[in-house]
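What follows is the content of upload.cif (mmCIF, C-alpha atoms and all ligand atoms).
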```cif
data_entry
loop_
_atom_site.label_atom_id
_atom_site.label_comp_id
_atom_site.auth_asym_id
_atom_site.auth_seq_id
_atom_site.Cartn_x
_atom_site.Cartn_y
_atom_site.Cartn_z
CA MET A 1 -96.74 -64.21 -67.29
CA ALA A 2 -93.47 -63.90 -65.35
CA CYS A 3 -91.64 -65.40 -68.30
CA HIS A 4 -93.27 -62.93 -70.69
CA PHE A 5 -92.26 -60.10 -68.36
CA THR A 6 -88.63 -61.30 -68.22
CA LYS A 7 -88.47 -61.56 -72.01
CA GLN A 8 -89.86 -58.05 -72.30
CA LEU A 9 -87.28 -56.79 -69.82
CA LEU A 10 -84.45 -58.51 -71.68
CA ARG A 11 -85.66 -57.12 -74.98
CA THR A 12 -85.75 -53.58 -73.54
CA ALA A 13 -82.31 -53.97 -71.95
CA PHE A 14 -80.91 -55.32 -75.22
CA ALA A 15 -82.48 -52.47 -77.18
CA GLY A 16 -80.99 -49.97 -74.69
CA PHE A 17 -77.60 -51.62 -74.90
CA SER A 18 -77.53 -51.72 -78.68
CA CYS A 19 -78.68 -48.11 -78.83
CA LEU A 20 -75.74 -47.08 -76.64
CA ALA A 21 -73.33 -49.26 -78.64
CA ILE A 22 -74.55 -47.71 -81.90
CA LEU A 23 -74.17 -44.21 -80.47
CA LEU A 24 -70.61 -44.89 -79.32
CA LEU A 25 -69.72 -46.59 -82.58
CA THR A 26 -71.11 -43.67 -84.58
CA ALA A 27 -69.12 -41.23 -82.45
CA LEU A 28 -65.96 -43.28 -82.92
CA LEU A 29 -66.49 -43.67 -86.68
CA ALA A 30 -67.25 -39.97 -87.06
CA SER A 31 -64.10 -39.00 -85.16
CA ALA A 32 -62.07 -41.51 -87.19
CA GLN A 33 -63.24 -39.92 -90.46
CA THR A 34 -62.76 -36.33 -89.31
CA PRO A 35 -59.20 -35.02 -89.71
CA SER A 36 -57.61 -34.00 -86.44
CA LEU A 37 -56.41 -30.56 -85.43
CA LYS A 38 -53.54 -31.96 -83.37
CA ASP A 39 -52.25 -33.99 -86.34
CA ALA A 40 -52.67 -31.14 -88.81
CA TYR A 41 -50.57 -28.88 -86.54
CA LYS A 42 -48.03 -31.48 -85.44
CA GLY A 43 -44.58 -29.92 -85.72
CA SER A 44 -46.08 -26.40 -85.53
CA PHE A 45 -47.65 -26.02 -82.08
CA PHE A 46 -49.89 -27.79 -79.58
CA ILE A 47 -53.62 -27.46 -80.13
CA GLY A 48 -55.43 -27.24 -76.82
CA ALA A 49 -58.87 -26.84 -75.30
CA ALA A 50 -60.20 -25.68 -71.95
CA LEU A 51 -62.19 -28.54 -70.45
CA ASN A 52 -65.16 -28.69 -68.11
CA PRO A 53 -65.53 -31.57 -65.61
CA ALA A 54 -67.99 -33.54 -67.81
CA GLU A 55 -65.25 -33.71 -70.45
CA PHE A 56 -62.29 -34.68 -68.28
CA THR A 57 -64.17 -37.04 -65.92
CA GLU A 58 -65.45 -38.80 -69.06
CA GLN A 59 -69.10 -38.39 -68.01
CA ASP A 60 -69.90 -37.28 -71.50
CA ALA A 61 -68.42 -40.08 -73.66
CA ARG A 62 -69.13 -38.34 -76.96
CA PHE A 63 -67.37 -35.09 -76.11
CA THR A 64 -64.54 -36.89 -74.29
CA ALA A 65 -63.89 -38.86 -77.52
CA LEU A 66 -63.84 -35.59 -79.43
CA VAL A 67 -61.30 -34.07 -77.01
CA ILE A 68 -59.02 -37.11 -77.27
CA ALA A 69 -59.26 -37.19 -81.08
CA GLN A 70 -58.64 -33.48 -81.63
CA PHE A 71 -56.45 -31.96 -78.91
CA ASN A 72 -53.02 -32.57 -77.41
CA ALA A 73 -53.06 -29.87 -74.72
CA ILE A 74 -55.62 -29.12 -72.02
CA THR A 75 -56.48 -26.35 -69.54
CA PRO A 76 -59.08 -26.71 -66.76
CA GLU A 77 -61.81 -24.11 -67.26
CA ASN A 78 -62.44 -23.63 -63.53
CA ALA A 79 -61.20 -26.61 -61.47
CA LEU A 80 -57.86 -25.02 -60.48
CA LYS A 81 -59.05 -21.48 -59.83
CA TRP A 82 -58.59 -20.43 -56.20
CA GLU A 83 -62.33 -20.47 -55.31
CA SER A 84 -62.66 -24.05 -56.62
CA VAL A 85 -59.46 -25.63 -55.34
CA HIS A 86 -59.06 -23.71 -52.05
CA PRO A 87 -62.49 -22.36 -51.04
CA GLN A 88 -61.84 -22.10 -47.27
CA PRO A 89 -58.67 -21.44 -45.27
CA GLY A 90 -56.78 -24.73 -44.98
CA SER A 91 -59.30 -26.70 -47.05
CA TYR A 92 -58.46 -27.87 -50.55
CA ASN A 93 -60.65 -29.67 -53.13
CA PHE A 94 -58.31 -31.82 -55.16
CA ASP A 95 -60.86 -34.31 -56.46
CA LEU A 96 -61.54 -32.62 -59.81
CA PRO A 97 -57.96 -31.37 -60.38
CA ASP A 98 -56.63 -34.89 -59.69
CA ARG A 99 -58.99 -36.31 -62.32
CA TYR A 100 -58.10 -33.52 -64.74
CA VAL A 101 -54.38 -34.25 -64.45
CA ALA A 102 -54.93 -38.04 -64.70
CA PHE A 103 -57.02 -37.50 -67.86
CA GLY A 104 -54.21 -35.49 -69.44
CA GLU A 105 -51.58 -38.06 -68.47
CA ASN A 106 -53.62 -41.02 -69.71
CA ASN A 107 -53.97 -39.31 -73.06
CA HIS A 108 -50.38 -38.01 -73.26
CA MET A 109 -51.39 -34.36 -73.38
CA PHE A 110 -49.55 -31.15 -72.46
CA ILE A 111 -51.20 -30.24 -69.16
CA VAL A 112 -51.73 -26.60 -68.19
CA GLY A 113 -52.57 -25.30 -64.70
CA HIS A 114 -54.86 -22.24 -64.66
CA ASN A 115 -54.42 -20.07 -62.61
CA LEU A 116 -52.56 -19.15 -59.42
CA VAL A 117 -53.08 -15.41 -58.93
CA TRP A 118 -56.14 -13.56 -60.18
CA HIS A 119 -58.47 -10.87 -58.82
CA ASN A 120 -61.59 -12.81 -59.89
CA GLN A 121 -62.85 -16.19 -58.65
CA THR A 122 -60.77 -15.75 -55.52
CA PRO A 123 -62.69 -15.91 -52.21
CA ALA A 124 -62.96 -12.72 -50.13
CA TRP A 125 -61.30 -14.35 -47.07
CA VAL A 126 -58.01 -14.49 -48.95
CA PHE A 127 -57.70 -10.72 -48.63
CA GLN A 128 -59.06 -10.37 -45.10
CA ASP A 129 -57.86 -10.84 -41.54
CA ASP A 130 -59.87 -12.69 -38.85
CA LYS A 131 -62.03 -9.63 -38.23
CA GLY A 132 -62.90 -9.10 -41.89
CA ASN A 133 -60.52 -6.13 -42.28
CA PRO A 134 -58.01 -6.02 -45.13
CA ALA A 135 -55.15 -8.43 -44.47
CA ASP A 136 -51.62 -7.02 -44.18
CA ARG A 137 -48.77 -7.63 -46.65
CA GLU A 138 -47.10 -10.37 -44.59
CA THR A 139 -50.34 -12.33 -44.10
CA LEU A 140 -51.27 -12.18 -47.78
CA LEU A 141 -47.77 -13.12 -48.93
CA LYS A 142 -47.78 -16.07 -46.53
CA ARG A 143 -51.18 -17.18 -47.89
CA LEU A 144 -50.03 -16.82 -51.48
CA ARG A 145 -46.90 -18.87 -50.79
CA GLU A 146 -48.85 -21.59 -48.99
CA HIS A 147 -51.47 -21.77 -51.77
CA ILE A 148 -48.91 -21.94 -54.57
CA HIS A 149 -46.65 -24.42 -52.78
CA THR A 150 -49.60 -26.69 -51.99
CA VAL A 151 -51.25 -26.61 -55.42
CA VAL A 152 -48.17 -26.53 -57.67
CA GLY A 153 -46.33 -28.92 -55.33
CA ARG A 154 -49.12 -31.51 -55.54
CA TYR A 155 -48.71 -31.72 -59.33
CA HIS A 156 -44.92 -31.39 -59.36
CA GLY A 157 -43.58 -32.93 -62.58
CA ARG A 158 -47.13 -33.59 -63.84
CA ILE A 159 -48.58 -30.18 -64.75
CA ASN A 160 -46.32 -28.91 -67.51
CA GLY A 161 -47.04 -25.19 -67.42
CA TRP A 162 -48.88 -22.76 -65.12
CA ASP A 163 -50.69 -19.49 -65.76
CA VAL A 164 -49.09 -17.94 -62.68
CA VAL A 165 -50.50 -14.41 -62.87
CA ASN A 166 -53.71 -13.67 -64.75
CA GLU A 167 -54.82 -10.23 -65.95
CA ALA A 168 -52.62 -7.95 -63.82
CA LEU A 169 -52.88 -5.03 -66.25
CA GLU A 170 -55.46 -2.30 -66.86
CA GLU A 171 -56.37 -1.32 -70.42
CA ASP A 172 -53.94 1.64 -70.21
CA GLY A 173 -51.06 -0.73 -69.49
CA THR A 174 -50.61 0.21 -65.82
CA LEU A 175 -50.88 -2.37 -63.06
CA ARG A 176 -54.49 -3.24 -62.27
CA GLN A 177 -55.70 -1.98 -58.90
CA THR A 178 -56.45 -5.37 -57.35
CA PRO A 179 -56.30 -6.40 -53.68
CA TRP A 180 -53.06 -8.21 -54.58
CA LEU A 181 -51.45 -4.95 -55.67
CA LYS A 182 -53.00 -2.80 -52.95
CA ILE A 183 -52.04 -5.11 -50.09
CA ILE A 184 -48.71 -6.61 -51.17
CA GLY A 185 -47.40 -3.98 -53.58
CA GLU A 186 -46.12 -4.57 -57.11
CA ASP A 187 -43.71 -7.33 -56.15
CA TYR A 188 -46.68 -9.71 -55.71
CA ILE A 189 -46.10 -10.70 -59.33
CA ALA A 190 -42.42 -11.57 -58.92
CA LYS A 191 -43.19 -13.37 -55.64
CA ALA A 192 -45.88 -15.53 -57.27
CA PHE A 193 -43.44 -16.66 -59.98
CA GLN A 194 -40.75 -17.29 -57.37
CA PHE A 195 -43.10 -19.44 -55.21
CA ALA A 196 -44.25 -21.44 -58.26
CA HIS A 197 -40.65 -22.03 -59.31
CA GLU A 198 -39.73 -23.24 -55.82
CA ALA A 199 -42.66 -25.68 -55.88
CA ASP A 200 -41.81 -27.09 -59.33
CA PRO A 201 -38.54 -25.90 -60.90
CA GLN A 202 -39.31 -27.79 -64.14
CA ALA A 203 -42.74 -26.30 -64.81
CA GLU A 204 -43.10 -23.55 -67.40
CA LEU A 205 -44.46 -20.36 -65.83
CA TYR A 206 -46.59 -17.84 -67.71
CA TYR A 207 -48.11 -14.38 -67.52
CA ASN A 208 -51.63 -14.47 -69.09
CA ASP A 209 -53.88 -11.57 -70.19
CA TYR A 210 -56.46 -10.31 -72.72
CA ASN A 211 -56.42 -7.35 -75.12
CA LEU A 212 -52.65 -7.62 -75.46
CA GLU A 213 -53.11 -6.72 -79.12
CA ASN A 214 -54.09 -3.15 -78.13
CA GLU A 215 -51.12 -0.86 -78.45
CA THR A 216 -51.23 0.70 -74.97
CA LYS A 217 -51.83 -2.52 -73.11
CA LEU A 218 -49.18 -4.28 -75.22
CA LYS A 219 -46.68 -1.57 -74.28
CA GLY A 220 -47.52 -1.99 -70.59
CA ALA A 221 -47.20 -5.79 -70.84
CA LEU A 222 -43.83 -5.55 -72.59
CA GLU A 223 -42.56 -3.19 -69.88
CA LEU A 224 -43.79 -5.47 -67.11
CA LEU A 225 -42.25 -8.57 -68.67
CA ARG A 226 -38.92 -6.83 -69.37
CA LYS A 227 -38.79 -5.70 -65.77
CA LEU A 228 -39.46 -9.20 -64.49
CA GLN A 229 -36.79 -10.64 -66.78
CA ALA A 230 -34.27 -7.99 -65.64
CA GLN A 231 -34.95 -8.98 -62.02
CA GLY A 232 -34.27 -12.62 -62.88
CA VAL A 233 -37.86 -13.71 -62.22
CA PRO A 234 -38.37 -17.27 -63.52
CA ILE A 235 -40.91 -16.52 -66.27
CA SER A 236 -40.96 -18.73 -69.35
CA GLY A 237 -43.81 -17.44 -71.43
CA VAL A 238 -46.72 -15.16 -72.10
CA GLY A 239 -50.30 -16.18 -72.80
CA ILE A 240 -52.31 -14.02 -75.18
CA GLN A 241 -55.84 -15.02 -74.21
CA GLY A 242 -57.33 -14.43 -77.68
CA HIS A 243 -60.96 -13.60 -76.85
CA TYR A 244 -61.62 -12.14 -80.29
CA HIS A 245 -64.43 -10.65 -82.34
CA MET A 246 -65.19 -11.04 -86.05
CA ASP A 247 -63.26 -7.94 -87.06
CA SER A 248 -61.21 -7.08 -84.05
CA PRO A 249 -58.35 -7.20 -83.34
CA SER A 250 -56.96 -7.18 -86.88
CA ASN A 251 -54.66 -9.96 -88.03
CA GLU A 252 -51.90 -7.34 -88.16
CA GLN A 253 -52.41 -6.50 -84.48
CA VAL A 254 -52.26 -10.18 -83.50
CA ASP A 255 -49.15 -10.58 -85.62
CA ALA A 256 -47.49 -7.54 -84.01
CA ALA A 257 -48.22 -8.76 -80.47
CA ILE A 258 -46.74 -12.22 -81.10
CA THR A 259 -43.68 -10.66 -82.75
CA ALA A 260 -43.12 -8.25 -79.85
CA PHE A 261 -43.37 -10.93 -77.15
CA GLY A 262 -41.22 -13.30 -79.18
CA LYS A 263 -38.46 -10.68 -79.23
CA LEU A 264 -38.27 -10.88 -75.44
CA GLY A 265 -37.18 -14.48 -75.87
CA LEU A 266 -40.37 -15.75 -74.23
CA LYS A 267 -42.53 -18.64 -75.37
CA VAL A 268 -45.80 -17.26 -76.69
CA MET A 269 -49.15 -19.01 -76.44
CA ILE A 270 -52.70 -18.24 -77.51
CA THR A 271 -54.44 -19.49 -74.40
CA GLU A 272 -58.20 -18.85 -74.56
CA LEU A 273 -59.13 -18.56 -78.22
CA ASP A 274 -62.73 -17.92 -79.28
CA VAL A 275 -64.44 -15.59 -81.77
CA ASP A 276 -67.59 -13.84 -80.57
CA VAL A 277 -70.04 -13.61 -83.51
CA LEU A 278 -72.76 -11.65 -81.66
CA PRO A 279 -73.38 -7.89 -81.60
CA LEU A 280 -71.44 -5.96 -78.95
CA ALA A 281 -73.50 -5.34 -75.83
CA PHE A 282 -71.49 -2.17 -75.18
CA GLN A 283 -68.48 -0.45 -76.62
CA TYR A 284 -66.02 -2.70 -74.89
CA MET A 285 -64.00 -5.54 -76.23
CA GLY A 286 -62.14 -7.53 -73.67
CA ALA A 287 -62.80 -10.27 -71.19
CA ASP A 288 -63.61 -8.55 -67.90
CA VAL A 289 -65.82 -11.26 -66.41
CA THR A 290 -67.45 -8.85 -63.94
CA LEU A 291 -69.27 -6.90 -66.70
CA SER A 292 -72.86 -7.70 -67.62
CA ALA A 293 -75.70 -6.36 -69.78
CA GLU A 294 -79.46 -7.03 -70.18
CA LEU A 295 -80.69 -9.64 -72.66
CA GLN A 296 -82.51 -7.97 -75.59
CA PRO A 297 -83.60 -9.70 -78.82
CA LYS A 298 -81.35 -7.49 -80.96
CA LEU A 299 -78.34 -8.74 -78.99
CA ASN A 300 -79.26 -12.38 -79.69
CA PRO A 301 -79.93 -12.52 -83.44
CA TYR A 302 -78.96 -16.15 -84.09
CA ALA A 303 -80.99 -17.92 -81.42
CA LYS A 304 -82.45 -20.26 -84.06
CA GLY A 305 -79.23 -20.97 -85.96
CA LEU A 306 -76.25 -19.30 -87.57
CA PRO A 307 -76.92 -17.97 -91.10
CA ASP A 308 -74.63 -19.46 -93.70
CA ALA A 309 -73.04 -16.10 -94.52
CA VAL A 310 -71.95 -15.66 -90.89
CA GLN A 311 -70.79 -19.27 -90.74
CA GLN A 312 -68.56 -18.60 -93.77
CA ALA A 313 -67.34 -15.29 -92.36
CA LEU A 314 -66.35 -17.07 -89.14
CA ALA A 315 -64.44 -19.66 -91.19
CA GLN A 316 -62.61 -16.81 -92.95
CA ARG A 317 -61.80 -15.17 -89.62
CA TYR A 318 -60.32 -18.38 -88.28
CA ALA A 319 -58.37 -18.98 -91.51
CA GLY A 320 -56.85 -15.49 -91.17
CA LEU A 321 -55.91 -16.00 -87.53
CA PHE A 322 -54.31 -19.40 -88.12
CA GLY A 323 -52.42 -17.91 -91.07
CA VAL A 324 -50.84 -15.50 -88.55
CA PHE A 325 -50.24 -18.25 -85.97
CA LEU A 326 -48.50 -20.44 -88.56
CA LYS A 327 -46.18 -17.58 -89.48
CA HIS A 328 -44.90 -17.72 -85.90
CA ARG A 329 -44.19 -21.45 -85.66
CA GLY A 330 -41.19 -21.76 -83.40
CA VAL A 331 -42.12 -18.85 -81.11
CA LEU A 332 -45.76 -19.83 -80.76
CA LYS A 333 -45.91 -23.02 -78.73
CA ARG A 334 -49.63 -23.61 -78.27
CA VAL A 335 -53.05 -22.46 -79.43
CA THR A 336 -55.76 -23.32 -76.92
CA PHE A 337 -59.50 -22.81 -77.51
CA TRP A 338 -61.66 -21.68 -74.58
CA GLY A 339 -64.04 -24.65 -74.77
CA VAL A 340 -64.65 -27.55 -77.15
CA THR A 341 -68.17 -27.07 -78.57
CA ASP A 342 -70.24 -23.90 -79.03
CA GLY A 343 -72.53 -25.13 -76.26
CA ASP A 344 -69.63 -25.09 -73.76
CA SER A 345 -68.69 -21.49 -74.32
CA TRP A 346 -68.79 -18.82 -71.61
CA LEU A 347 -69.80 -16.45 -74.44
CA ASN A 348 -73.36 -17.81 -74.26
CA ASN A 349 -73.58 -16.10 -70.87
CA TRP A 350 -71.13 -13.21 -70.97
CA PRO A 351 -71.55 -10.29 -71.00
CA VAL A 352 -75.26 -11.08 -71.58
CA LYS A 353 -76.84 -14.15 -69.97
CA GLY A 354 -78.75 -16.61 -72.14
CA ARG A 355 -77.54 -15.81 -75.67
CA THR A 356 -76.74 -18.34 -78.39
CA ASN A 357 -73.18 -17.82 -79.54
CA TYR A 358 -71.04 -19.78 -82.04
CA PRO A 359 -67.41 -18.97 -81.16
CA LEU A 360 -65.66 -22.35 -81.52
CA LEU A 361 -64.88 -24.97 -84.18
CA PHE A 362 -67.44 -27.62 -83.13
CA ASP A 363 -71.21 -27.09 -83.03
CA ARG A 364 -73.47 -27.95 -80.11
CA SER A 365 -73.65 -31.60 -81.10
CA GLY A 366 -69.87 -31.86 -81.51
CA GLN A 367 -69.88 -31.73 -85.31
CA PRO A 368 -67.05 -29.85 -87.03
CA LYS A 369 -68.13 -26.48 -88.49
CA PRO A 370 -66.86 -24.79 -91.68
CA ALA A 371 -64.46 -22.91 -89.37
CA PHE A 372 -62.92 -26.28 -88.43
CA ASP A 373 -62.36 -27.13 -92.12
CA ALA A 374 -60.81 -23.71 -92.63
CA VAL A 375 -58.34 -24.27 -89.77
CA ILE A 376 -57.39 -27.71 -91.13
CA ARG A 377 -56.95 -26.25 -94.65
CA ALA A 378 -54.76 -23.45 -93.26
CA ALA A 379 -52.38 -26.07 -91.80
CA HIS A 380 -52.19 -27.98 -95.07
CA SER A 381 -51.58 -24.92 -97.19
CA ALA A 382 -48.85 -23.52 -94.95
CA THR A 383 -45.39 -23.66 -96.45
CA PRO A 384 -43.26 -26.34 -94.79
CA GLN A 385 -40.56 -25.02 -92.45
C1 LIG B 1 -60.65 -15.09 -68.36
C2 LIG B 1 -60.00 -16.17 -67.52
C3 LIG B 1 -60.55 -17.52 -67.82
C4 LIG B 1 -62.05 -17.50 -67.99
C5 LIG B 1 -62.40 -16.50 -69.04
C6 LIG B 1 -63.89 -16.47 -69.28
O1 LIG B 1 -60.13 -14.96 -69.60
O2 LIG B 1 -58.61 -16.23 -67.66
O3 LIG B 1 -60.24 -18.37 -66.76
O4 LIG B 1 -62.68 -17.20 -66.78
O5 LIG B 1 -62.00 -15.25 -68.55
O6 LIG B 1 -64.56 -17.61 -68.95
#
```
Encoded form (structure tokens):
Amino acid sequence: MACHFTKQLLRTAFAGFSCLAILLLTALLASAQTPSLKDAYKGSFFIGAALNPAEFTEQDARFTALVIAQFNAITPENALKWESVHPQPGSYNFDLPDRYVAFGENNHMFIVGHNLVWHNQTPAWVFQDDKGNPADRETLLKRLREHIHTVVGRYHGRINGWDVVNEALEEDGTLRQTPWLKIIGEDYIAKAFQFAHEADPQAELYYNDYNLENETKLKGALELLRKLQAQGVPISGVGIQGHYHMDSPSNEQVDAAITAFGKLGLKVMITELDVDVLPLAFQYMGADVTLSAELQPKLNPYAKGLPDAVQQALAQRYAGLFGVFLKHRGVLKRVTFWGVTDGDSWLNNWPVKGRTNYPLLFDRSGQPKPAFDAVIRAAHSATPQ
């Protein structure tokens, strides 16, 4: 009886083991047969992805294999935002960021830090004194310096580039009215770059924002960057987030924004690329993460799958965008997607919670979509430089 039981147990264990081995082997074979984005764009620019912890701690072997096969640059989706890395005064969580950086190093990737100064995902205490009143300029500057020196300093020589200031502009191109601006004044931006440069003089330092393709915001961004350059602020590049829709912004607008930033002599990056295929919840196109709208069936038309016509239209959209990106090889240093698979994307929950969106190149099971083939084809049909 005992012997029968042991045999049964062994058989089950063996079946489990072979199942796992087959799964891994299939994943490896599939990724070996699929062309890779990073190889197709070698010599043009880095191809990156924002990663969640399951991907960079290798908890999810299938998606980790996909990341390693396809991308040569990474950004942490949340692990380095202030609320994650420094949730309480004097207390830092470096466990996930350490694993993120080690993952990038082990796989020889360009490692991005995201982000140092933002008005979202920053705890309220940062802007308050001990009594809960608004902190004064000196206190906030001291906190900013300590945060940047601690976080950037820890990864000195290991994180290659930092999004230093995120989304400091309003849609009309003026400085956004954030607690950073209200408490410190407009030099908070220059100070943040200066602190980051002190902590790691070799790291590239970027300004990062969305809707930079819109004329007014683009004008404001160009003014801000020119001013920083004139003051000798150590800024090396600008990140165009690239949260796009199927027909907006136009390829011409994207082209014009890259050209304009390139003329400042800055490195240009597309830092958070995705294409929202769902109907607009309201007349707003941007990436203000504080906005939200009610879930209604008409806002979630593809819950059961993406119709082929939309799938093809998305492929066309991506082909057009990469055509523009390829035109700017040399100035454009990196194109990073905001997520790896459609299932990862924040666009399933923003601005409406619980929708089914399809904004990336890999489907929910990690299979390449027609949009992936279109991006690979665009690289192959580009004229050599
Ligand atoms: C902004 C931020 C990112 C991320 C996206 C949405 O673009 O820069 O860190 O939060 O919004 O997820």
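In this model, the gap between atom CA of A:Lys182 and atom CA of A:Glu167 comes to 15.1 Å.
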Distance table requested - chain A against ligand LIG 1 (chain B), cut-off 8 Å, all atoms listed in the file: one row per qualifying residue with the closest atom pair and its distance in Å to one decimal, ordered by chain and rising residue number, as a tab-separated table.
```
residue	atom	partner	partner_atom	distance
A:Glu77	CA	B:LIG1	O3	6.0
A:Asn78	CA	B:LIG1	O3	6.6
A:Lys81	CA	B:LIG1	O3	7.7
A:His114	CA	B:LIG1	O3	7.0
A:Asn115	CA	B:LIG1	O3	7.3
A:Asn166	CA	B:LIG1	O2	6.2
A:Glu167	CA	B:LIG1	O2	7.3
A:Asn208	CA	B:LIG1	O2	7.3
A:Asp209	CA	B:LIG1	O2	7.1
A:Tyr210	CA	B:LIG1	O1	6.7
A:Gln241	CA	B:LIG1	O1	6.3
A:His243	CA	B:LIG1	O1	7.4
A:Glu272	CA	B:LIG1	O1	6.6
A:Ala287	CA	B:LIG1	O1	5.6
A:Asp288	CA	B:LIG1	O5	6.9
A:Val289	CA	B:LIG1	O5	5.9
A:Trp338	CA	B:LIG1	O6	7.5
A:Ser345	CA	B:LIG1	O6	7.8
A:Trp346	CA	B:LIG1	O6	5.1
A:Leu347	CA	B:LIG1	O6	7.7
```
Rounded to one decimal in Å, what is the spacing between atom CA of A:Ser36 and atom CA of A:Gln70? 4.9 Å
Tell me which protein, DNA and RNA residues are within 12 Å of A:Tyr155, counting only C-alpha atoms, leaving out same-chain ones fewer than 2 positions away, and put them as a PyMOL selection string. chain A and resi 80+94+97-102+105+111-113+148-153+157-162+196+199-203
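Using only C-alpha atoms for every distance, the candidate list A:Lys267, A:His119, A:His245, A:Arg329 yields A:His245 as the residue closest to A:Leu360.
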Straight-line distance linking atom CA of A:Thr271 with atom CA of A:His156, stated in Å to one decimal: 21.4 Å
For A:Asp172, list every protein, DNA or RNA residue within 8 Å, evaluated using only C-alpha atoms, and leave out those in the same chain fewer than 6 positions away; present the list as a ChimeraX atom specification. /A:216-217,220
Selection from above, C-alpha atoms, as a JSON list (two decimals), in the coordinates of the input, can you write it?
```json
[["chain", "number", "residue", "atom", "x", "y", "z"],
["A", 216, "THR", "CA", -51.23, 0.70, -74.97],
["A", 217, "LYS", "CA", -51.83, -2.52, -73.11],
["A", 220, "GLY", "CA", -47.52, -1.99, -70.59]]
```
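When the distance limit is 12 Å and only C-alpha atoms are what count, the residues near A:Ile184, minus those fewer than 5 positions from it on the same chain, are Phe127, Pro134, Ala135, Asp136, Arg137, Glu138, Thr139, Leu140, Leu141, Lys142, Arg143, Leu144, Gln177, Thr178, Pro179, Ile189, Ala190, Lys191 and Ala192 of chain A.
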Got a sec: who's within 12 Å of A:Thr57, counting all atoms listed in the file, leaving out chain neighbours fewer than 4 positions off, as a count of residues only? 21
Shell of 10 Å around A:Thr383, all atoms listed in the file, local chain residues under 3 positions omitted, as a ChimeraX atom specification: /A:326-327,378-380
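Residue nearest A:Phe261 within the list A:Asn133, A:Ser84, A:Ser381, A:Ser236: A:Ser236 [criterion: smallest interatomic distance, all atoms listed in the file].
Remark: for A:Leu66, the closest of the candidate residues A:Thr259, A:Thr341, A:Ser250, A:Gln316 is A:Thr341 (distances computed over only C-alpha atoms).
For the set A:Gln311, A:Asn251, A:Glu294, A:Met269, the residue with the smallest atom-to-atom gap to A:Val324 is A:Asn251, counting all atoms listed in the file.
Residue nearest A:Asp274 within the list A:Tyr302, A:Phe362, A:Tyr206, A:Phe193: A:Phe362 [criterion: smallest interatomic distance, all atoms listed in the file].
Among A:Leu116, A:Ile68, A:Leu222, A:Leu295, the residue with the shortest atom-to-atom distance to A:Asp39, counting only C-alpha atoms, is A:Ile68.
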